[in-house]
file input-v5.tsv (TSV, C-alpha atoms and all ligand atoms)
chain	number	residue	atom	x	y	z
J	1	MET	CA	-94.84	177.60	-250.51
J	2	HIS	CA	-91.68	178.67	-252.26
J	3	TYR	CA	-88.43	176.76	-251.86
J	4	ARG	CA	-84.98	178.29	-251.84
J	5	ARG	CA	-81.55	176.82	-252.32
J	6	MET	CA	-79.55	176.84	-249.12
J	7	GLY	CA	-76.68	179.02	-250.31
J	8	ARG	CA	-74.71	177.30	-253.07
J	9	SER	CA	-75.65	173.84	-251.76
J	10	GLY	CA	-78.08	171.64	-253.67
J	11	LEU	CA	-80.52	171.51	-250.75
J	12	LYS	CA	-83.89	173.22	-251.12
J	13	VAL	CA	-85.63	174.46	-248.00
J	14	SER	CA	-89.10	175.93	-247.64
J	15	GLU	CA	-88.72	179.68	-247.28
J	16	ILE	CA	-90.69	179.39	-244.04
J	17	ALA	CA	-89.67	176.76	-241.49
J	18	LEU	CA	-91.12	175.73	-238.15
J	19	GLY	CA	-88.99	175.55	-235.00
J	20	ALA	CA	-89.46	173.86	-231.65
J	21	TRP	CA	-87.87	176.28	-229.15
J	22	VAL	CA	-89.96	177.16	-226.03
J	23	THR	CA	-93.00	175.47	-227.54
J	24	PHE	CA	-92.42	171.74	-228.21
J	25	GLY	CA	-92.12	169.65	-225.07
J	26	SER	CA	-92.99	172.54	-222.76
J	27	GLN	CA	-95.40	175.37	-223.60
J	28	ILE	CA	-97.73	173.37	-225.86
J	29	SER	CA	-99.11	169.84	-225.69
J	30	GLU	CA	-97.65	167.01	-227.73
J	31	GLN	CA	-100.90	166.87	-229.71
J	32	THR	CA	-100.69	170.58	-230.61
J	33	ALA	CA	-97.05	170.18	-231.65
J	34	SER	CA	-97.99	167.26	-233.87
J	35	ASP	CA	-100.93	169.20	-235.35
J	36	LEU	CA	-98.61	172.14	-236.11
J	37	ILE	CA	-96.07	169.90	-237.85
J	38	HIS	CA	-98.72	168.17	-239.93
J	39	ALA	CA	-100.46	171.43	-240.87
J	40	ALA	CA	-97.13	173.02	-241.79
J	41	TYR	CA	-96.17	169.98	-243.87
J	42	GLU	CA	-99.53	170.08	-245.67
J	43	GLU	CA	-98.82	173.71	-246.57
J	44	GLY	CA	-95.43	172.80	-248.01
J	45	VAL	CA	-93.09	173.42	-245.06
J	46	ASN	CA	-90.27	170.90	-245.33
J	47	TYR	CA	-87.78	172.30	-242.80
J	48	PHE	CA	-88.28	171.66	-239.07
J	49	ASP	CA	-85.72	173.08	-236.65
J	50	ASN	CA	-84.74	171.69	-233.27
J	51	ALA	CA	-81.86	171.48	-230.77
J	52	ASP	CA	-80.60	168.98	-228.21
J	53	VAL	CA	-81.15	171.54	-225.46
J	54	TYR	CA	-84.77	172.52	-226.22
J	55	ALA	CA	-86.99	171.42	-223.32
J	56	GLY	CA	-84.16	169.20	-222.09
J	57	GLY	CA	-84.45	166.94	-225.15
J	58	GLN	CA	-88.24	166.69	-225.00
J	59	ALA	CA	-88.63	168.95	-228.06
J	60	GLU	CA	-86.76	166.38	-230.14
J	61	THR	CA	-88.79	163.51	-228.69
J	62	VAL	CA	-92.06	165.29	-229.52
J	63	MET	CA	-90.89	166.12	-233.05
J	64	GLY	CA	-89.60	162.57	-233.55
J	65	ASN	CA	-92.97	161.11	-232.56
J	66	ALA	CA	-94.87	163.56	-234.77
J	67	ILE	CA	-92.93	162.89	-237.98
J	68	GLN	CA	-93.23	159.10	-237.95
J	69	ASP	CA	-96.10	159.11	-240.47
J	70	LEU	CA	-94.42	161.61	-242.81
J	71	PRO	CA	-91.99	160.58	-245.59
J	72	ARG	CA	-88.53	161.08	-244.10
J	73	GLU	CA	-87.02	162.02	-247.48
J	74	ALA	CA	-89.45	164.93	-247.85
J	75	LEU	CA	-88.26	166.50	-244.59
J	76	VAL	CA	-85.28	168.66	-243.76
J	77	LEU	CA	-84.67	168.02	-240.07
J	78	SER	CA	-82.17	169.94	-238.04
J	79	SER	CA	-80.74	169.88	-234.58
J	80	LYS	CA	-77.91	171.60	-232.74
J	81	VAL	CA	-75.17	170.98	-230.24
J	82	PHE	CA	-73.25	173.20	-227.81
J	83	TRP	CA	-75.30	174.11	-224.72
J	84	PRO	CA	-75.00	171.82	-221.65
J	85	THR	CA	-77.20	168.73	-222.02
J	86	MET	CA	-75.24	166.04	-220.22
J	87	PRO	CA	-73.47	165.80	-216.87
J	88	GLY	CA	-69.84	166.74	-216.31
J	89	PRO	CA	-67.36	168.99	-218.05
J	90	ASN	CA	-67.74	167.05	-221.32
J	91	GLY	CA	-71.52	167.29	-221.39
J	92	ARG	CA	-71.41	170.54	-223.34
J	93	GLY	CA	-69.45	172.40	-225.99
J	94	LEU	CA	-68.02	171.29	-229.29
J	95	SER	CA	-65.42	168.69	-228.37
J	96	ARG	CA	-65.41	165.67	-230.68
J	97	LYS	CA	-66.65	163.62	-227.71
J	98	HIS	CA	-69.67	165.80	-226.97
J	99	ILE	CA	-70.59	166.35	-230.62
J	100	PHE	CA	-70.76	162.57	-231.20
J	101	GLU	CA	-72.57	161.86	-227.92
J	102	SER	CA	-75.07	164.62	-228.49
J	103	ILE	CA	-75.95	163.62	-232.04
J	104	HIS	CA	-76.41	159.98	-231.03
J	105	ALA	CA	-78.89	161.14	-228.38
J	106	SER	CA	-80.64	163.48	-230.84
J	107	LEU	CA	-81.00	160.77	-233.49
J	108	LYS	CA	-82.52	158.44	-230.92
J	109	ARG	CA	-85.00	161.08	-229.72
J	110	MET	CA	-85.90	162.10	-233.26
J	111	GLN	CA	-86.20	158.41	-234.29
J	112	THR	CA	-84.24	158.97	-237.47
J	113	ASP	CA	-80.95	157.69	-238.93
J	114	TYR	CA	-79.67	161.11	-240.00
J	115	LEU	CA	-80.16	164.84	-239.67
J	116	ASP	CA	-80.27	167.02	-242.76
J	117	LEU	CA	-78.74	169.98	-240.96
J	118	TYR	CA	-76.61	169.93	-237.83
J	119	PHE	CA	-75.65	173.21	-236.22
J	120	CYS	CA	-72.95	174.23	-233.80
J	121	HIS	CA	-75.34	176.23	-231.60
J	122	ARG	CA	-72.58	178.71	-230.63
J	123	PHE	CA	-68.81	178.99	-231.13
J	124	ASP	CA	-66.82	177.10	-228.49
J	125	PRO	CA	-63.59	178.86	-227.50
J	126	ASP	CA	-62.55	175.72	-225.57
J	127	SER	CA	-62.48	173.42	-228.61
J	128	PRO	CA	-59.94	173.86	-231.42
J	129	ILE	CA	-61.63	174.74	-234.69
J	130	GLU	CA	-59.82	171.81	-236.42
J	131	GLU	CA	-61.44	169.40	-233.95
J	132	VAL	CA	-64.91	170.86	-234.57
J	133	VAL	CA	-64.64	170.90	-238.37
J	134	ARG	CA	-63.24	167.36	-238.43
J	135	ALA	CA	-66.01	166.02	-236.15
J	136	MET	CA	-68.70	167.62	-238.32
J	137	SER	CA	-67.00	166.41	-241.49
J	138	ASP	CA	-66.80	162.88	-240.08
J	139	LEU	CA	-70.53	162.92	-239.26
J	140	ILE	CA	-71.17	163.83	-242.88
J	141	ALA	CA	-68.86	161.03	-244.08
J	142	GLN	CA	-70.75	158.59	-241.83
J	143	GLY	CA	-74.09	159.68	-243.31
J	144	LYS	CA	-75.40	160.88	-239.95
J	145	VAL	CA	-75.55	164.48	-241.17
J	146	MET	CA	-76.11	165.88	-244.66
J	147	TYR	CA	-74.91	169.47	-244.11
J	148	TRP	CA	-73.48	171.22	-241.07
J	149	GLY	CA	-73.85	174.78	-239.98
J	150	THR	CA	-72.99	177.42	-237.43
J	151	SER	CA	-75.33	179.50	-235.30
J	152	MET	CA	-74.50	182.98	-234.07
J	153	TRP	CA	-70.85	182.63	-235.03
J	154	GLU	CA	-68.81	185.71	-235.88
J	155	PRO	CA	-67.68	186.14	-239.51
J	156	ALA	CA	-64.03	185.59	-238.50
J	157	GLN	CA	-64.94	182.28	-236.81
J	158	ILE	CA	-66.88	181.12	-239.87
J	159	ALA	CA	-63.96	182.11	-242.12
J	160	GLN	CA	-61.62	180.13	-239.86
J	161	ALA	CA	-63.81	177.02	-240.23
J	162	HIS	CA	-63.71	177.37	-244.02
J	163	GLY	CA	-59.94	177.88	-243.91
J	164	VAL	CA	-59.39	174.72	-241.88
J	165	ALA	CA	-61.75	172.75	-244.13
J	166	ARG	CA	-59.80	173.88	-247.21
J	167	GLN	CA	-56.46	173.12	-245.58
J	168	TYR	CA	-57.35	169.55	-244.51
J	169	GLY	CA	-59.83	168.61	-247.25
J	170	LEU	CA	-62.78	168.62	-244.83
J	171	VAL	CA	-66.39	169.72	-245.35
J	172	PRO	CA	-66.97	173.41	-244.50
J	173	PRO	CA	-70.19	174.72	-242.92
J	174	SER	CA	-72.94	175.28	-245.51
J	175	VAL	CA	-75.30	177.44	-243.46
J	176	GLU	CA	-75.34	180.01	-240.64
J	177	GLN	CA	-78.32	180.51	-238.32
J	178	PRO	CA	-78.48	184.04	-236.88
J	179	MET	CA	-81.27	186.03	-235.30
J	180	TYR	CA	-82.76	188.42	-237.87
J	181	ASN	CA	-85.83	190.57	-237.56
J	182	LEU	CA	-86.96	194.18	-237.90
J	183	LEU	CA	-85.69	195.03	-234.44
J	184	ASN	CA	-82.37	193.17	-234.83
J	185	ARG	CA	-80.99	193.67	-238.30
J	186	ARG	CA	-77.73	195.61	-238.28
J	187	ARG	CA	-75.43	192.67	-237.46
J	188	VAL	CA	-76.93	190.38	-240.11
J	189	GLU	CA	-77.10	193.00	-242.84
J	190	HIS	CA	-73.67	194.55	-242.31
J	191	GLU	CA	-71.58	191.64	-241.06
J	192	ILE	CA	-73.17	188.24	-241.60
J	193	ILE	CA	-74.71	188.48	-245.07
J	194	PRO	CA	-71.54	189.83	-246.74
J	195	ALA	CA	-69.40	187.19	-245.01
J	196	VAL	CA	-71.53	184.11	-245.64
J	197	SER	CA	-72.61	185.04	-249.16
J	198	ASP	CA	-68.97	185.14	-250.27
J	199	LEU	CA	-68.48	181.65	-248.83
J	200	GLY	CA	-71.58	180.28	-250.59
J	201	MET	CA	-73.35	179.60	-247.31
J	202	GLY	CA	-77.10	179.81	-246.82
J	203	LEU	CA	-78.86	181.61	-243.99
J	204	THR	CA	-81.69	180.17	-241.95
J	205	THR	CA	-82.70	183.03	-239.67
J	206	PHE	CA	-84.53	182.73	-236.35
J	207	SER	CA	-87.01	184.67	-234.20
J	208	PRO	CA	-88.56	186.64	-237.09
J	209	LEU	CA	-91.10	188.17	-234.70
J	210	TYR	CA	-88.50	188.87	-232.00
J	211	TYR	CA	-90.21	186.25	-229.79
J	212	GLY	CA	-93.66	187.64	-230.68
J	213	LEU	CA	-93.13	191.41	-230.28
J	214	LEU	CA	-93.32	191.94	-234.04
J	215	SER	CA	-96.78	190.38	-234.22
J	216	GLY	CA	-98.10	193.44	-232.40
J	217	LYS	CA	-99.51	191.24	-229.62
J	218	TYR	CA	-97.65	193.24	-226.95
J	219	ASN	CA	-98.77	196.66	-228.22
J	220	ASP	CA	-101.18	197.06	-225.29
J	221	GLY	CA	-99.54	194.96	-222.59
J	222	ILE	CA	-98.67	191.31	-222.08
J	223	PRO	CA	-101.55	188.97	-222.99
J	224	GLU	CA	-102.16	186.02	-220.70
J	225	GLY	CA	-100.64	182.80	-222.03
J	226	SER	CA	-98.27	184.60	-224.41
J	227	ARG	CA	-94.56	183.78	-224.34
J	228	ALA	CA	-93.70	186.91	-222.37
J	229	SER	CA	-96.19	185.89	-219.68
J	230	LEU	CA	-94.32	182.66	-218.93
J	231	ASP	CA	-92.49	182.61	-215.58
J	232	GLU	CA	-89.16	181.69	-217.16
J	233	MET	CA	-89.35	184.55	-219.67
J	234	ALA	CA	-88.44	187.45	-217.38
J	235	TRP	CA	-85.54	188.26	-219.73
J	236	MET	CA	-88.00	188.63	-222.60
J	237	ARG	CA	-90.24	191.00	-220.63
J	238	GLU	CA	-87.21	193.28	-220.23
J	239	ARG	CA	-86.99	193.54	-224.02
J	240	ILE	CA	-90.55	194.81	-224.38
J	241	THR	CA	-89.58	198.45	-224.01
J	242	GLU	CA	-91.78	201.48	-224.68
J	243	GLU	CA	-89.41	202.54	-227.49
J	244	ARG	CA	-89.73	199.22	-229.30
J	245	ILE	CA	-93.48	199.02	-228.80
J	246	ALA	CA	-93.90	202.55	-230.21
J	247	LYS	CA	-92.25	201.35	-233.43
J	248	VAL	CA	-94.33	198.17	-233.59
J	249	ARG	CA	-97.53	200.21	-233.09
J	250	ASN	CA	-96.65	202.21	-236.21
J	251	LEU	CA	-95.91	198.98	-238.05
J	252	THR	CA	-99.32	197.66	-237.01
J	253	ALA	CA	-100.96	200.82	-238.40
J	254	MET	CA	-99.18	200.24	-241.72
J	255	ALA	CA	-100.16	196.55	-241.77
J	256	GLU	CA	-103.80	197.49	-241.21
J	257	GLU	CA	-103.65	199.88	-244.17
J	258	LEU	CA	-102.26	197.06	-246.34
J	259	GLU	CA	-104.91	194.68	-244.95
J	260	VAL	CA	-102.30	192.25	-243.69
J	261	THR	CA	-101.18	191.47	-240.15
J	262	THR	CA	-98.14	192.85	-238.34
J	263	ALA	CA	-96.64	189.34	-238.19
J	264	GLN	CA	-97.08	188.84	-241.93
J	265	LEU	CA	-95.46	192.20	-242.69
J	266	SER	CA	-92.54	191.44	-240.37
J	267	ILE	CA	-91.88	188.02	-241.92
J	268	ALA	CA	-92.36	189.29	-245.49
J	269	TRP	CA	-89.80	192.02	-244.83
J	270	ILE	CA	-87.22	189.30	-244.03
J	271	LEU	CA	-88.16	187.12	-246.99
J	272	ARG	CA	-87.57	189.94	-249.45
J	273	ARG	CA	-83.84	189.33	-248.86
J	274	LYS	CA	-82.79	186.65	-251.32
J	275	GLU	CA	-79.75	185.82	-249.18
J	276	VAL	CA	-82.14	184.36	-246.58
J	277	SER	CA	-82.75	180.69	-247.39
J	278	SER	CA	-85.47	180.16	-244.80
J	279	VAL	CA	-87.13	182.06	-241.97
J	280	ILE	CA	-87.60	179.81	-238.94
J	281	THR	CA	-90.87	180.69	-237.28
J	282	GLY	CA	-92.41	179.49	-234.03
J	283	ALA	CA	-96.07	179.00	-233.18
J	284	THR	CA	-98.22	177.92	-230.27
J	285	ARG	CA	-101.45	177.72	-232.25
J	286	LEU	CA	-102.60	176.67	-235.71
J	287	GLU	CA	-104.03	180.15	-236.37
J	288	GLN	CA	-100.56	181.67	-235.91
J	289	LEU	CA	-99.03	179.15	-238.29
J	290	ASP	CA	-101.70	179.80	-240.94
J	291	GLU	CA	-101.21	183.54	-240.57
J	292	ASN	CA	-97.43	183.37	-240.82
J	293	LEU	CA	-97.26	180.93	-243.74
J	294	VAL	CA	-98.82	183.37	-246.22
J	295	ALA	CA	-96.05	185.93	-245.61
J	296	GLY	CA	-94.15	184.49	-248.58
J	297	ASP	CA	-96.80	185.75	-250.99
J	298	LEU	CA	-96.78	189.16	-249.33
J	299	ALA	CA	-92.98	189.32	-249.74
J	300	GLU	CA	-93.44	189.01	-253.52
J	301	ARG	CA	-95.95	191.88	-253.54
J	302	LEU	CA	-94.16	194.39	-251.27
J	303	THR	CA	-93.16	197.49	-253.26
J	304	GLU	CA	-89.95	199.49	-252.81
J	305	THR	CA	-92.04	202.35	-251.43
J	306	GLU	CA	-93.59	200.08	-248.83
J	307	ILE	CA	-90.19	198.71	-247.86
J	308	ASP	CA	-88.84	202.27	-247.50
J	309	ARG	CA	-91.81	203.04	-245.29
J	310	ILE	CA	-91.04	200.06	-243.05
J	311	PHE	CA	-87.43	201.24	-242.73
J	312	ALA	CA	-88.66	204.73	-241.81
J	313	ILE	CA	-90.95	203.28	-239.13
J	314	ILE	CA	-88.32	201.03	-237.61
J	315	GLY	CA	-85.35	203.41	-237.88
J	316	ASP	CA	-82.26	202.60	-235.84
J	317	GLU	CA	-82.06	199.64	-233.49
J	318	VAL	CA	-83.14	200.48	-229.94
H	401	LIG	N1	-80.10	179.13	-233.22
H	401	LIG	C1	-80.55	179.73	-232.15
H	401	LIG	O1	-79.81	180.11	-231.25
H	401	LIG	C2	-82.04	179.96	-232.03
H	401	LIG	C3	-82.54	180.84	-231.07
H	401	LIG	C4	-83.91	181.06	-231.01
H	401	LIG	C5	-84.75	180.39	-231.90
H	401	LIG	N2	-84.24	179.52	-232.81
H	401	LIG	C6	-85.12	178.78	-233.75
H	401	LIG	O2	-86.04	179.67	-234.36
H	401	LIG	C7	-87.38	179.22	-234.09
H	401	LIG	C8	-88.30	180.41	-234.02
H	401	LIG	O3	-87.91	181.30	-232.97
H	401	LIG	P1	-89.02	182.04	-232.15
H	401	LIG	O4	-89.99	181.03	-231.63
H	401	LIG	O5	-88.35	182.95	-231.20
H	401	LIG	O6	-89.74	182.86	-233.35
H	401	LIG	P2	-90.68	184.13	-233.30
H	401	LIG	O7	-91.47	184.08	-234.57
H	401	LIG	O8	-89.90	185.37	-233.07
H	401	LIG	O9	-91.65	183.91	-232.04
H	401	LIG	C9	-92.60	182.87	-232.08
H	401	LIG	C10	-93.65	183.07	-231.00
H	401	LIG	O10	-94.38	184.28	-231.25
H	401	LIG	C11	-95.78	184.05	-231.07
H	401	LIG	N3	-96.40	184.14	-232.42
H	401	LIG	C12	-96.00	183.53	-233.56
H	401	LIG	N4	-96.79	183.89	-234.59
H	401	LIG	C13	-97.69	184.75	-234.11
H	401	LIG	C14	-98.77	185.46	-234.69
H	401	LIG	N5	-99.03	185.36	-235.99
H	401	LIG	N6	-99.52	186.27	-233.88
H	401	LIG	C15	-99.25	186.37	-232.57
H	401	LIG	N7	-98.24	185.71	-231.94
H	401	LIG	C16	-97.47	184.91	-232.71
H	401	LIG	C17	-95.89	182.66	-230.46
H	401	LIG	O11	-95.72	182.76	-229.05
H	401	LIG	P3	-96.93	182.90	-227.99
H	401	LIG	O12	-98.18	182.42	-228.63
H	401	LIG	O13	-96.49	182.09	-226.82
H	401	LIG	O14	-96.97	184.35	-227.63
H	401	LIG	C18	-94.68	181.97	-231.03
H	401	LIG	O15	-94.27	180.84	-230.31
H	401	LIG	C19	-87.24	178.42	-232.78
H	401	LIG	O16	-88.28	177.51	-232.60
H	401	LIG	C20	-85.92	177.72	-233.02
H	401	LIG	O17	-86.11	176.61	-233.86
H	401	LIG	C21	-82.90	179.31	-232.90
call {"tool": "encode", "arguments": {"input": "input-v5.tsv", "output": "structure tokens", "more": "lines below"}}
Ligand SMILES: NC(=O)c1ccc[n+]([C@@H]2O[C@H](COP(=O)([O-])OP(=O)(O)OC[C@H]3O[C@@H](n4cnc5c(N)ncnc54)[C@H](OP(=O)(O)O)[C@@H]3O)[C@@H](O)[C@H]2O)c1
result
Amino acid sequence: MHYRRMGRSGLKVSEIALGAWVTFGSQISEQTASDLIHAAYEEGVNYFDNADVYAGGQAETVMGNAIQDLPREALVLSSKVFWPTMPGPNGRGLSRKHIFESIHASLKRMQTDYLDLYFCHRFDPDSPIEEVVRAMSDLIAQGKVMYWGTSMWEPAQIAQAHGVARQYGLVPPSVEQPMYNLLNRRRVEHEIIPAVSDLGMGLTTFSPLYYGLLSGKYNDGIPEGSRASLDEMAWMRERITEERIAKVRNLTAMAEELEVTTAQLSIAWILRRKEVSSVITGATRLEQLDENLVAGDLAERLTETEIDRIFAIIGDEV
């Protein structure tokens, strides 16, 4: 496992992380989640991603139980706040009140005194940016959070947060968490990377396989038990279009030639970007984790010609 600095911060994160969305507390058993965390940790993964809203809080509970026998200081634990998790008009968003209430609940579920990374899961137009930056800064001052970040914020919103932090002597966000994969790259490459790199922020990117599509598993239909087969994933099934699958089939043919898997090629393609601090993967089985974790070595070996070929296969976003 290789470790990368998270932007200009001193924090080092494993270049491949494991996240809890859809899987922990819902799709997979608690035992499988624990096995995945322990196997990932054994392979050098230090960064585990979560959110207050995943599985209604159960994802944090499962992760909290699983990490109890691991050295806390060796882990980089993250969670997020924004989506509705509590009753009433204040049970959501980025007001000072909800940020503090949500992190207290997350810390309890994760059975830890602090989070290494705490993300604003989306921008909240109903909360003044000064209030958000001050709340995050205060959590850092209290030792409940080491670094705070944004997720899916626009460059102008991130710049505003930095401006307010400078103006009032507060702590600015150190990391942005966007979606980035072969089928969703324009926004990150043209807008996010230039903006956050200038500000010294790191990038922990999510859904490297576009929910599984870029593993090639949907090339011939939707396999039983896969994420797209889940009842609540109708929106994902709509994204499995013939146009996208045609591209992934060509990617699979290239991966076979290179004697790697489509998932490994897709993750390696992301890791070749040095601006990416960590790629947050997801897995329902140990075999997937093992397969994905070796993508870092492949990223080191990929030649310019091979990268050009991947670009030619993927072409424009569809
Ligand atoms: N900040 C945000 O708004 C946000 C949003 C989304 C995700 N995230 C974070 O990013 C993490 C990863 O996102 P993601 O789960 O969407 O990532 P992903 O890598 O795009 O999809 C992971 C899913 O693909 C399938 N898969 C993984 N490896 C595979 C392999 N080698 N072969 C075949 N299938 C494979 C598994 O699903 P099946 O086995 O069920 O098919 C797995 O759960 C989340 O857990 C979360 O922590 C953050």
call {"tool": "residues_near_ligand", "arguments": {"input": "input-v5.tsv", "ligand": "ligand LIG 401 (chain H)", "cutoff": "7 Å", "atoms": "only C-alpha atoms and all ligand atoms", "output": "tab-separated table (two decimals) with C-alpha atoms, in the coordinates of the input"}}
result
chain	number	residue	atom	x	y	z
J	18	LEU	CA	-91.12	175.73	-238.15
J	19	GLY	CA	-88.99	175.55	-235.00
J	20	ALA	CA	-89.46	173.86	-231.65
J	21	TRP	CA	-87.87	176.28	-229.15
J	22	VAL	CA	-89.96	177.16	-226.03
J	23	THR	CA	-93.00	175.47	-227.54
J	49	ASP	CA	-85.72	173.08	-236.65
J	50	ASN	CA	-84.74	171.69	-233.27
J	121	HIS	CA	-75.34	176.23	-231.60
J	151	SER	CA	-75.33	179.50	-235.30
J	152	MET	CA	-74.50	182.98	-234.07
J	177	GLN	CA	-78.32	180.51	-238.32
J	178	PRO	CA	-78.48	184.04	-236.88
J	179	MET	CA	-81.27	186.03	-235.30
J	206	PHE	CA	-84.53	182.73	-236.35
J	207	SER	CA	-87.01	184.67	-234.20
J	208	PRO	CA	-88.56	186.64	-237.09
J	209	LEU	CA	-91.10	188.17	-234.70
J	210	TYR	CA	-88.50	188.87	-232.00
J	211	TYR	CA	-90.21	186.25	-229.79
J	212	GLY	CA	-93.66	187.64	-230.68
J	215	SER	CA	-96.78	190.38	-234.22
J	217	LYS	CA	-99.51	191.24	-229.62
J	225	GLY	CA	-100.64	182.80	-222.03
J	226	SER	CA	-98.27	184.60	-224.41
J	227	ARG	CA	-94.56	183.78	-224.34
J	228	ALA	CA	-93.70	186.91	-222.37
J	263	ALA	CA	-96.64	189.34	-238.19
J	280	ILE	CA	-87.60	179.81	-238.94
J	281	THR	CA	-90.87	180.69	-237.28
J	282	GLY	CA	-92.41	179.49	-234.03
J	283	ALA	CA	-96.07	179.00	-233.18
J	284	THR	CA	-98.22	177.92	-230.27
J	285	ARG	CA	-101.45	177.72	-232.25
J	288	GLN	CA	-100.56	181.67	-235.91
J	289	LEU	CA	-99.03	179.15	-238.29
J	291	GLU	CA	-101.21	183.54	-240.57
J	292	ASN	CA	-97.43	183.37	-240.82
call {"tool": "residues_around", "arguments": {"input": "input-v5.tsv", "residues": "J:Met146", "least_positions_apart": "5", "cutoff": "7 Å", "atoms": "all atoms listed in the file", "output": "number ranges by chain"}}
result
J: 115-117, 140
call {"tool": "closest_residue", "arguments": {"input": "input-v5.tsv", "among": "J:Arg109, J:Gly169, J:Trp269, J:Gln160", "to": "J:Asp308", "atoms": "all atoms listed in the file"}}
result
J:Trp269
call {"tool": "closest_residue", "arguments": {"input": "input-v5.tsv", "among": "J:Glu300, J:Glu238, J:Glu154, J:Glu130", "to": "J:Val171", "atoms": "only C-alpha atoms"}}
result
J:Glu130
call {"tool": "closest_residue", "arguments": {"input": "input-v5.tsv", "among": "J:Ile67, J:Val132, J:Leu36, J:Leu182", "to": "J:Val81", "atoms": "all atoms listed in the file"}}
result
J:Val132
call {"tool": "axis_aligned_box", "arguments": {"input": "input-v5.tsv", "around": "stretch 292-303 of chain J", "padding_each_side": "3 Å", "output": "lines of an AutoDock Vina configuration file"}}
result
center_x = -95.9
center_y = 189.2
center_z = -247.2
size_x = 11.8
size_y = 22.6
size_z = 18.7
call {"tool": "atom_distance", "arguments": {"input": "input-v5.tsv", "atom1": "atom CA of J:Leu11", "atom2": "atom CA of J:Asn181"}}
result
23.8 Å
call {"tool": "residues_around", "arguments": {"input": "input-v5.tsv", "residues": "J:His98", "least_positions_apart": "4", "cutoff": "12 Å", "atoms": "all atoms listed in the file", "output": "ChimeraX atom specification"}}
result
/J:52,80-94,102-106,120,124,127,131-132,135-136
call {"tool": "write_last_selection", "arguments": {"input": "input-v5.tsv", "atoms": "C-alpha atoms", "output": "PDB file, in the coordinates of the input"}}
result
ATOM      1  CA  ASP J  52     -80.600 168.980-228.210  1.00  0.00           C
ATOM      2  CA  LYS J  80     -77.910 171.600-232.740  1.00  0.00           C
ATOM      3  CA  VAL J  81     -75.170 170.980-230.240  1.00  0.00           C
ATOM      4  CA  PHE J  82     -73.250 173.200-227.810  1.00  0.00           C
ATOM      5  CA  TRP J  83     -75.300 174.110-224.720  1.00  0.00           C
ATOM      6  CA  PRO J  84     -75.000 171.820-221.650  1.00  0.00           C
ATOM      7  CA  THR J  85     -77.200 168.730-222.020  1.00  0.00           C
ATOM      8  CA  MET J  86     -75.240 166.040-220.220  1.00  0.00           C
ATOM      9  CA  PRO J  87     -73.470 165.800-216.870  1.00  0.00           C
ATOM     10  CA  GLY J  88     -69.840 166.740-216.310  1.00  0.00           C
ATOM     11  CA  PRO J  89     -67.360 168.990-218.050  1.00  0.00           C
ATOM     12  CA  ASN J  90     -67.740 167.050-221.320  1.00  0.00           C
ATOM     13  CA  GLY J  91     -71.520 167.290-221.390  1.00  0.00           C
ATOM     14  CA  ARG J  92     -71.410 170.540-223.340  1.00  0.00           C
ATOM     15  CA  GLY J  93     -69.450 172.400-225.990  1.00  0.00           C
ATOM     16  CA  LEU J  94     -68.020 171.290-229.290  1.00  0.00           C
ATOM     17  CA  SER J 102     -75.070 164.620-228.490  1.00  0.00           C
ATOM     18  CA  ILE J 103     -75.950 163.620-232.040  1.00  0.00           C
ATOM     19  CA  HIS J 104     -76.410 159.980-231.030  1.00  0.00           C
ATOM     20  CA  ALA J 105     -78.890 161.140-228.380  1.00  0.00           C
ATOM     21  CA  SER J 106     -80.640 163.480-230.840  1.00  0.00           C
ATOM     22  CA  CYS J 120     -72.950 174.230-233.800  1.00  0.00           C
ATOM     23  CA  ASP J 124     -66.820 177.100-228.490  1.00  0.00           C
ATOM     24  CA  SER J 127     -62.480 173.420-228.610  1.00  0.00           C
ATOM     25  CA  GLU J 131     -61.440 169.400-233.950  1.00  0.00           C
ATOM     26  CA  VAL J 132     -64.910 170.860-234.570  1.00  0.00           C
ATOM     27  CA  ALA J 135     -66.010 166.020-236.150  1.00  0.00           C
ATOM     28  CA  MET J 136     -68.700 167.620-238.320  1.00  0.00           C
TER      29      MET J 136
END
call {"tool": "residues_around", "arguments": {"input": "input-v5.tsv", "residues": "J:Ile314", "least_positions_apart": "5", "cutoff": "9 Å", "atoms": "all atoms listed in the file", "output": "number ranges by chain"}}
result
J: 182-183, 244, 247-248, 250-251, 309
call {"tool": "residues_near_point", "arguments": {"input": "input-v5.tsv", "point": "(-88.5, 191.1, -243.2)", "cutoff": "9 Å", "atoms": "all atoms listed in the file", "output": "CSV table (one decimal) with C-alpha atoms, in the coordinates of the input"}}
result
chain,number,residue,atom,x,y,z
J,180,TYR,CA,-82.8,188.4,-237.9
J,181,ASN,CA,-85.8,190.6,-237.6
J,182,LEU,CA,-87.0,194.2,-237.9
J,208,PRO,CA,-88.6,186.6,-237.1
J,264,GLN,CA,-97.1,188.8,-241.9
J,265,LEU,CA,-95.5,192.2,-242.7
J,266,SER,CA,-92.5,191.4,-240.4
J,267,ILE,CA,-91.9,188.0,-241.9
J,268,ALA,CA,-92.4,189.3,-245.5
J,269,TRP,CA,-89.8,192.0,-244.8
J,270,ILE,CA,-87.2,189.3,-244.0
J,271,LEU,CA,-88.2,187.1,-247.0
J,272,ARG,CA,-87.6,189.9,-249.4
J,273,ARG,CA,-83.8,189.3,-248.9
J,299,ALA,CA,-93.0,189.3,-249.7
